[in-house]
Amino acid sequence: MSFLNILFLVGAVGIAGPILAHLLARPRFKRIPFTMMQFLEAGEMESQRRRRFRNILILLLRCAIILCIVLGFAGPVFEEKVAATEDQATVIVGVDDSLSLAYENRFEESRNAIEQRLAALPADARITIVGLASGQRLQEADVPTAVAFLKQLEPVPATAVLSNLLNSLPPSGEHAGNLSVYLASDFTPHMLGQISGHGEPATVSNYEALFPTDPTPPTNGRIISVRPSAPTAEVLQLAVVLEHQGAEVAHLEIQAHIGDSETVVAPVTLHPGRRGSVTLRLPNEDTSGESIPVTVSVRTNDGLAADNHHYLGVAFPERSETYVLILCTNRREAFLVQTALDALGNSLPHFQFTTQVMPYGLLDPSSLQVADTVIVTAADPALERVSDALETFVKDGGQLITFLGREQDESTLKTLYTRGLLPAHPLELKENAITLTAAVAPTRSSKASGALRALQNYDLGGYVFDAWYACEMAPDSEAQWFLESGDALLYRRESGAGETILLNTSADDSLSGLSKSPAVLPLYSYLLGTEGTLLVASFDADAPIRFTCAPSSASENRSVIITTPAGQRRDGEFAQGSLRAPPLNELGIATSTTPGAPVYLGLNVPPGETDLTPATEAQIQGAMARLFRKASAETAQEGNHTTARTHFSAWALAAALGLLLLETFVANRMVR
Amino acid sequence: MAATTKQNYLDPQVLNRLGNMSLVARCCVQGFFSGLHPSPFHGFSVEYSDHRQYERGDDLRFLDWKAYARSDKLYIKRFLQETNVPVHILLDASNSMTFSGDSDYSKLSYGCFLSAALAFLMLGQGDSVGLTIFNDKIRTKIPPRSRRTHLHAILKALQHCKGTGQTDLGSVLHTFAETTSRRGIVILISDLLDDKEEIQRALAHLKFLQHDILLFHTLDHMELALPYDGLVQFEDMESDNRVQVYPKAIREAYMEKVAAYLESIEKETGRSQIDYCRLDTSKPLDRAFFAYLGKRKRMRK
């Protein structure tokens with residue numbers, strides 16, 4: 001006899017309780033004076049014996065109840081040799097069809113090994129096959145049926161569950177024939193963990209573990225993010241961040257390609273649980289402005305190919321060539337403006353600025369016909385001469401940017417304002433120092449896009465100006481950046497297809513002052529309306545690239561959490577093949593994850609299938625010994641005998657209940 | 001209705017409430033006779049026998065004057081000898097007689113009622129009555145007298161009778177036999193809780209002295225039936241003996257033994273021509289009266 005939980009036997013000391021109670025307890029009785037004692041003597045002896053017998057009986061019953069309960073929890077198992085009633089071979093095969101077996105040809109190897117065992121079986125063998133991950137089951141079939149069933153098994157994205165196999169085993173002691181069990185698995189840590197939690201091994205005639213003979217250490221790197229950086233018209237540079245979830249150092253290869261172009265490969269070495277990054281430079285030949293598909297992949301050994309790829313859609317803005325006409329009264333201001341535009345053109349490879357500096361004396365209306373933007377460094381009376389041409393220029397889509405210096409012609413300013421060429425009317429020059437009150441003010445402008453948000457990164461509040469104008473803003477204008485006086489630093493008004501901008505400072509002030517700040521380029525980028533350089537979004541493979549709402553998928557409906565480049569989280573939903581989500585309005589790569597399992601779309605892997613220190617043969621054999629026990633050699637020599645194991649836990653508990661009832665009866669009925 | 005009311009006085013519970021022993025005796029006897037038909041027991045002490053010729057020296061009180069008037073001859077009326085026999089009431093007043101079971105009075109109280117009533121009855125019939133109260137020895141002894149005033153002494157002794165000590169019935173009866181020369185009627189009221197052989201020898205001693213013995217064996221019904229429940233420790237009233245038993249478990253055997261014991265006593269007394277009357281203290285006293293009067297009638301024949 002053996003016990004499943006031998007520690008529970010310690011509870012047997014509990015029988016000391018009733019024994020002590022028996023020794024210490026004294027019966028309660030009534031005292032009655034009496035006369036005919038001589039007739040009680042004989043009867044008294046009999047009664048005493050009866051009472052003593054009853055007390056001992058109750059004591060024994062209570063001790064037996066405790067012992068039965070202890071035995072019930074300890075799980076006694078009796079073994080006896082049972083003559084085999086039949087010689088028919090019964091085979092139960094557990095096939096690990098989890099995704100970890102999808103790596104390379106491991107599942108094929110497992111299937112071939114099982115087929116070899118099945119081919120050696122007699123024709124009347126009854127075979128049961130159980131898919132540990134899929135749960136598919138073939139019950140007591142012949143060999144050809146079993147082989148056919150085996151061939152249609154494929155790895156599924158699920159975790160192997162050992163109980164699928166164990167539940168197929170006959171109860172202990174019931175099977176007296178020849179029972180063999182095969183378990184084909186790669187014995188991942190998850191599988192070994194399930195085995196270690198298993199209790200009493202099952203007795204079978206034979207068992208065998210089928211596992212890859214030379215298991216390659218699997219790795220499980222995954223791509224966290226891909227971010228384009230420093231793009232040019234010819235090269236797309238990608239910064240790829242990876243994470244390794246495995247147990248050993250992994251040497252991975254990152255591959256990336258644009259469409260069908262040549263693949264770029266970069267090696268990366270990752271330590272367990274650490275993140276790493278690698279930079280890829282992809283030659284880019286297509287800068288037509290349409291989005292191009294970029295595929296970044298990492299080669300891992302975890303069998304989860306779906307997790308290895310990261311898909312990007314990258315859209316290059318159209319190449320644009322902007323002609324800027326700079327009207328000035330002095331060369332210094334014109335030089336400062338021209339320098340700023342050159343710097344801006346260098347930082348935005350897709351924008352090309354052609355500048356022309358023109359004194360007011362040379363201004364004529366024909367020069368406005370080729371310009372995209374006119375920058376006025378001071379309001380000169382010469383402008384009144386071309387005011388009609390300027391008005392036409394703006395309404396046709398041109399941009400007029402006016403700086404206010406100390407020497408302004410107020411008559412000219414009034415004329416320009418009256419004709420709609422200024423968004424505000426400068427009334428009076430103030431020459432005392434004044435500061436900006438805040439970095440950014442709310443705006444209604446549709447152009448408040450990437451450049452404006454880029455400016456928000458700079459703290460312009462507190463910047464001091466030496467001179468400024470008290471202005472009267474036009475009703476349809478908008479203001480940006482306010483001074484302490486309540487006047488704005490910048491006024492904007494849309495007029496026809498174009499716009500007019502008034503800067504309440506001189507070009508010298510703005511550029512010599514602001515140019516000391518890195519904000520100057522975003523400011524000029526904002527003034528000139530140059531948006532971001534690159535649009536990037538993540539998406540699933542074989543899904544249309546849509547930038548209005550990041551990745552899309554052809555899968556079923558699924559809620560998605562979108563993490564923007566700025567770290568904000570948005571809720572989205574995959575439905576009918578596309579992702580529906582609020583506009584992200586951010587440059588960069590948004591990442592998407594799907595909560596819950598399964599996680600085909602996300603970058604996570606199923607729990608339990610992460611990596612993966614290969615089990616040694618000794619580990620596997622030890623695990624199998626926990627699951628199964630072969631019939632003893634002595635039993636085998638006796639021929640058609642096997643060991644029947646009977647569990648008596650339920651019997652012991654039932655006996656405890658019966659004894660409890662008997663004890664109650666004895667205690668209540670025998671007293672009187 | 002009056003007879004029925006008076007018969008209630010035979011109920012020991014009613015007598016117990018009366019308290020005064022004189023009243024008990026009177027009520028008890030009147031209650032007994034009121035329930036009978038015209039009594040066959042009247043006047044047995046002055047019965048006429050025959051006549052004889054007068055001789056000189058005869059007591060003139062017995063001269064039949066009516067016969068002389070009719071025949072002018074002197075005749076002397078002859079009577080049967082007076083049957084005024086001494087009656088000895090022996091009352092066991094040991095501790096065991098104080099057992100009262102579940103009633104308000106004990107076996108000793110019952111014996112006192114019985115003794116008082118018998119004394120009242122006997123003195124009324126001209127017998128001389130004595131009373132001996134004993135436990136392991138004779139505690140009170142009132143010699144037989146036939147005066148009516150003698151009743152007071154007997155009732156006073158019964159009124160103050162308390163049960164104490166152990167029983168030594170054999171020794172007491174032997175002592176009584178040795179100290180009582182004239183034969184008479186011995187009425188023994190006891191629970192007989194003593195050595196049976198010794199009791200038999202003592203009774204044989206009395207019988208040898210030609211006493212007529214009337215044995216009232218008083219027992220409580222609780223002693224007979226042992227109707228207790230649960231675990232009980234019985235403590236002997238005359239010793240330190242204690243026994244813990246479950247009465248239910250031994251009741252049947254106990255009753256069998258008690259019945260065998262009583263049967264043996266009845267056989268022995270019958271064999272010794274001793275009138276034996278077992279009295280249940282929960283029953284009325286009339287059974288005792290019938291036993292006595294029957295005994296007295298047999299003696300006259």
# chains A, B, ... in the order shown; residues from 1 in each chain; ligands from 1
$ interface_residues --of "chain B" --to "chain A" --cutoff "6 Å" --atoms "only C-alpha atoms" --output "ChimeraX atom specification"
/B:96,230-237,245,250,254
$ write_last_selection --atoms "N, CA and C atoms" --output "PDB file, in the first residue's frame"
ATOM      1  N   SER B  96     -33.694   2.478  56.547  1.00  0.00           N
ATOM      2  CA  SER B  96     -34.272   2.019  55.281  1.00  0.00           C
ATOM      3  C   SER B  96     -35.767   2.253  55.252  1.00  0.00           C
ATOM      4  N   GLY B 230     -31.475   7.243  33.117  1.00  0.00           N
ATOM      5  CA  GLY B 230     -30.142   7.828  33.102  1.00  0.00           C
ATOM      6  C   GLY B 230     -29.198   7.117  34.045  1.00  0.00           C
ATOM      7  N   LEU B 231     -28.011   7.692  34.139  1.00  0.00           N
ATOM      8  CA  LEU B 231     -27.023   7.121  35.035  1.00  0.00           C
ATOM      9  C   LEU B 231     -27.340   7.554  36.462  1.00  0.00           C
ATOM     10  N   VAL B 232     -27.433   6.558  37.355  1.00  0.00           N
ATOM     11  CA  VAL B 232     -27.847   6.829  38.731  1.00  0.00           C
ATOM     12  C   VAL B 232     -26.829   6.205  39.678  1.00  0.00           C
ATOM     13  N   GLN B 233     -26.475   6.994  40.676  1.00  0.00           N
ATOM     14  CA  GLN B 233     -25.658   6.407  41.745  1.00  0.00           C
ATOM     15  C   GLN B 233     -26.567   6.142  42.942  1.00  0.00           C
ATOM     16  N   PHE B 234     -26.850   4.879  43.198  1.00  0.00           N
ATOM     17  CA  PHE B 234     -27.668   4.492  44.342  1.00  0.00           C
ATOM     18  C   PHE B 234     -26.780   4.431  45.564  1.00  0.00           C
ATOM     19  N   GLU B 235     -27.232   5.106  46.605  1.00  0.00           N
ATOM     20  CA  GLU B 235     -26.451   5.151  47.835  1.00  0.00           C
ATOM     21  C   GLU B 235     -27.269   4.474  48.947  1.00  0.00           C
ATOM     22  N   ASP B 236     -26.662   3.474  49.538  1.00  0.00           N
ATOM     23  CA  ASP B 236     -27.368   2.698  50.559  1.00  0.00           C
ATOM     24  C   ASP B 236     -27.685   3.596  51.761  1.00  0.00           C
ATOM     25  N   MET B 237     -28.930   3.498  52.215  1.00  0.00           N
ATOM     26  CA  MET B 237     -29.354   4.371  53.306  1.00  0.00           C
ATOM     27  C   MET B 237     -28.846   3.908  54.660  1.00  0.00           C
ATOM     28  N   VAL B 245     -25.257   2.757  38.232  1.00  0.00           N
ATOM     29  CA  VAL B 245     -25.865   1.880  37.231  1.00  0.00           C
ATOM     30  C   VAL B 245     -26.744   2.709  36.300  1.00  0.00           C
ATOM     31  N   ILE B 250     -30.580  -2.596  33.979  1.00  0.00           N
ATOM     32  CA  ILE B 250     -30.638  -3.691  34.960  1.00  0.00           C
ATOM     33  C   ILE B 250     -32.051  -3.909  35.483  1.00  0.00           C
ATOM     34  N   TYR B 254     -33.269  -6.852  38.008  1.00  0.00           N
ATOM     35  CA  TYR B 254     -33.575  -6.405  39.374  1.00  0.00           C
ATOM     36  C   TYR B 254     -34.968  -6.864  39.807  1.00  0.00           C
TER      37      TYR B 254
END
$ residues_around --residues "His647 of chain A" --least-positions-apart "3" --cutoff "8 Å" --atoms "only C-alpha atoms" --output "JSON, numbers by chain"
{"A": [75, 76, 77, 78, 650]}
$ write_last_selection --atoms "N, CA and C atoms" --output "tab-separated table (two decimals), in the first residue's frame"
chain	number	residue	atom	x	y	z
A	75	GLY	N	-4.83	9.46	0.82
A	75	GLY	CA	-4.97	8.79	-0.47
A	75	GLY	C	-4.28	7.44	-0.52
A	76	PRO	N	-4.76	6.47	0.23
A	76	PRO	CA	-4.14	5.14	0.16
A	76	PRO	C	-4.37	4.47	-1.18
A	77	VAL	N	-3.35	3.82	-1.63
A	77	VAL	CA	-3.44	3.13	-2.92
A	77	VAL	C	-2.99	1.70	-2.70
A	78	PHE	N	-3.84	0.75	-3.05
A	78	PHE	CA	-3.49	-0.66	-2.92
A	78	PHE	C	-3.14	-1.21	-4.29
A	650	ALA	N	-11.91	7.64	-1.46
A	650	ALA	CA	-13.36	7.79	-1.36
A	650	ALA	C	-13.93	6.78	-0.37
$ closest_residue --among "B:Asp102, B:Asp275, B:Asp280, B:Asp92" --to "Leu215 of chain B" --atoms "only C-alpha atoms"
B:Asp275
$ atom_distance --atom1 "atom CA of Ser282 of chain B" --atom2 "atom CA of His217 of chain B"
13.2 Å
$ select_by_dssp --residues "segment 339-480 of chain A" --states "strand (DSSP E)" --output "ChimeraX atom specification"
/A:351-359,373-376,399-403,424-430,434-435,464-465,468-473,478-480
$ write_last_selection --atoms "C-alpha atoms" --output "compact mmCIF listing (two decimals), in the first residue's frame"
# COMPACT_ATOMS: atom_id res chain seq x y z
CA PHE A 351 11.60 71.62 -49.89
CA GLN A 352 13.71 73.78 -52.09
CA PHE A 353 13.68 77.55 -51.52
CA THR A 354 14.68 80.00 -54.22
CA THR A 355 15.11 83.45 -52.75
CA GLN A 356 15.45 86.81 -54.39
CA VAL A 357 16.22 90.00 -52.50
CA MET A 358 14.72 93.07 -54.06
CA PRO A 359 14.96 96.70 -52.88
CA THR A 373 5.85 84.08 -50.94
CA VAL A 374 6.65 87.77 -50.45
CA ILE A 375 8.43 88.77 -47.30
CA VAL A 376 8.32 92.47 -46.43
CA GLN A 399 1.62 84.46 -49.11
CA LEU A 400 2.51 87.90 -47.83
CA ILE A 401 4.59 88.10 -44.68
CA THR A 402 5.21 91.56 -43.20
CA PHE A 403 7.67 92.49 -40.47
CA ALA A 424 -3.96 93.91 -38.25
CA HIS A 425 -3.54 97.66 -38.28
CA PRO A 426 -0.42 98.85 -36.41
CA LEU A 427 -1.49 102.04 -34.63
CA GLU A 428 1.35 103.25 -32.46
CA LEU A 429 4.96 102.30 -31.93
CA LYS A 430 5.87 101.40 -28.38
CA ILE A 434 7.86 93.87 -23.24
CA THR A 435 7.76 90.09 -22.89
CA VAL A 464 11.78 90.23 -24.40
CA PHE A 465 11.11 92.56 -27.30
CA TRP A 468 6.33 96.73 -30.65
CA TYR A 469 3.17 98.15 -32.06
CA ALA A 470 -0.21 98.51 -30.51
CA CYS A 471 -2.37 96.89 -33.18
CA GLU A 472 -5.98 96.66 -34.08
CA MET A 473 -6.73 93.16 -35.32
CA GLU A 478 -6.34 85.28 -35.75
CA ALA A 479 -3.59 86.01 -33.31
CA GLN A 480 -0.68 83.90 -32.15
$ atom_distance --atom1 "atom CA of Arg222 of chain A" --atom2 "atom CA of Val298 of chain A"
7.0 Å
$ atom_distance --atom1 "atom CA of Glu198 of chain B" --atom2 "atom CA of Ser171 of chain B"
8.2 Å
$ residues_around --residues "segment 53-64 of chain B" --least-positions-apart "6" --cutoff "7 Å" --atoms "only C-alpha atoms" --output "ChimeraX atom specification"
/B:74-77
$ closest_residue --among "B:Leu226, B:Ala93, B:Ile199, B:Leu262" --to "Pro247 of chain B" --atoms "only C-alpha atoms"
B:Leu226
$ closest_residue --among "B:Gly163, B:Ser272, B:Arg242, B:Ile154" --to "His205 of chain B" --atoms "only C-alpha atoms"
B:Ser272
$ residues_around --residues "Thr98 of chain B" --least-positions-apart "4" --cutoff "9 Å" --atoms "only C-alpha atoms" --output "list in words"
Ala93, Ser94, Tyr105, Ser106, Lys107, Leu108, Ser109, Lys162, Gly163, Thr164 and Met237 of chain B
